[in-house]
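Asks: Structure provided below as structure tokens; questions to follow.
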Amino acid sequence: MVIETFKASVARDAPPDGIGLALQAMWQDAKGQWDTAHKLAQAQKDETGAWVHAYLHRVEGDLRNAGHWYRNANRPASSAPLKEECDEIVSALLS
């Protein structure tokens, strides 16, 4: 799947079949379902889940908590616009 297909899928009622928890979290966030996205990110207990978790706390505006999750993801805290970071994460997860 390419990022354009993923973005187009947000118009549907359910995420694409076969995508992992982190991508499901990003899909739910794109739908405006932050709480659901957060639960999905928490359920993926690895660096990828931590990266999505960090991004979601940036979306929320909780930069301190986001910093904690960036460290867990072994990634520098992002200062990119949220849309850019979203695209970076989705692209990485799709590759």
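The way I read the labels, and the way they are meant: chains A, B, ... in the order of the structure tokens, residue 1 as the first residue of every chain, and ligand 1 as the first ligand shown, with later ones counted on from there.
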Residues near Asp87 (chain A), anyone? I mean within 12 Å using only C-alpha atoms, not counting same-chain ones fewer than 3 positions away, as a ChimeraX atom specification.
Replies: /A:2-4,6-7,23,26-27,30,52,55,80-84,90-94
Asks: Kindly export the residues of the current selection with C-alpha atoms, as a compact mmCIF listing (two decimals), in the first residue's frame.
Replies:
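So out-v6.txt came out as:
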# COMPACT_ATOMS: atom_id res chain seq x y z
CA VAL A 2 1.20 3.54 -0.70
CA ILE A 3 0.53 6.58 1.45
CA GLU A 4 -2.08 7.97 -0.98
CA PHE A 6 -3.80 4.84 3.08
CA LYS A 7 -4.99 8.46 3.20
CA LEU A 23 -1.01 2.03 11.38
CA MET A 26 -2.55 6.56 12.73
CA TRP A 27 -5.74 5.79 10.78
CA ALA A 30 -6.75 10.77 10.97
CA VAL A 52 3.21 6.65 17.28
CA TYR A 55 3.27 11.65 17.92
CA ALA A 80 8.21 19.14 12.37
CA PRO A 81 4.67 20.26 11.65
CA LEU A 82 2.27 17.51 12.74
CA LYS A 83 1.17 16.79 9.17
CA GLU A 84 4.77 16.21 8.12
CA VAL A 90 2.79 6.45 7.88
CA SER A 91 5.34 6.21 5.08
CA ALA A 92 7.79 4.39 7.34
CA LEU A 93 5.12 1.97 8.52
CA LEU A 94 3.99 1.23 4.98
Asks: Please report, as a PyMOL selection string, each residue of chain A to which DSSP assigns helix (DSSP H, G or I) when run on this structure's backbone.
Replies: chain A and resi 3-9+21-30+34-43+47-60+63-72+82-94
Asks: Tell me which protein, DNA and RNA residues are within 10 Å of Asn65 (chain A), counting only C-alpha atoms, leaving out same-chain ones fewer than 6 positions away, and put them as a list in words.
Replies: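 My reading of the contact set: His53, Ala54, Leu56, His57 and Arg58 of chain A.
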Asks: Restricting the calculation to only C-alpha atoms: of A:Ile19, A:Ala50, A:Ala73, A:Ala25, which residue gets closest to Met1 (chain A)?
Replies: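 With only C-alpha atoms as the atom set, the closest residue is A:Ile19.
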Asks: Hey, can you check how far CA of Ala8 (chain A) sits from CA of Ala22 (chain A)?
Replies: 17.5 Å
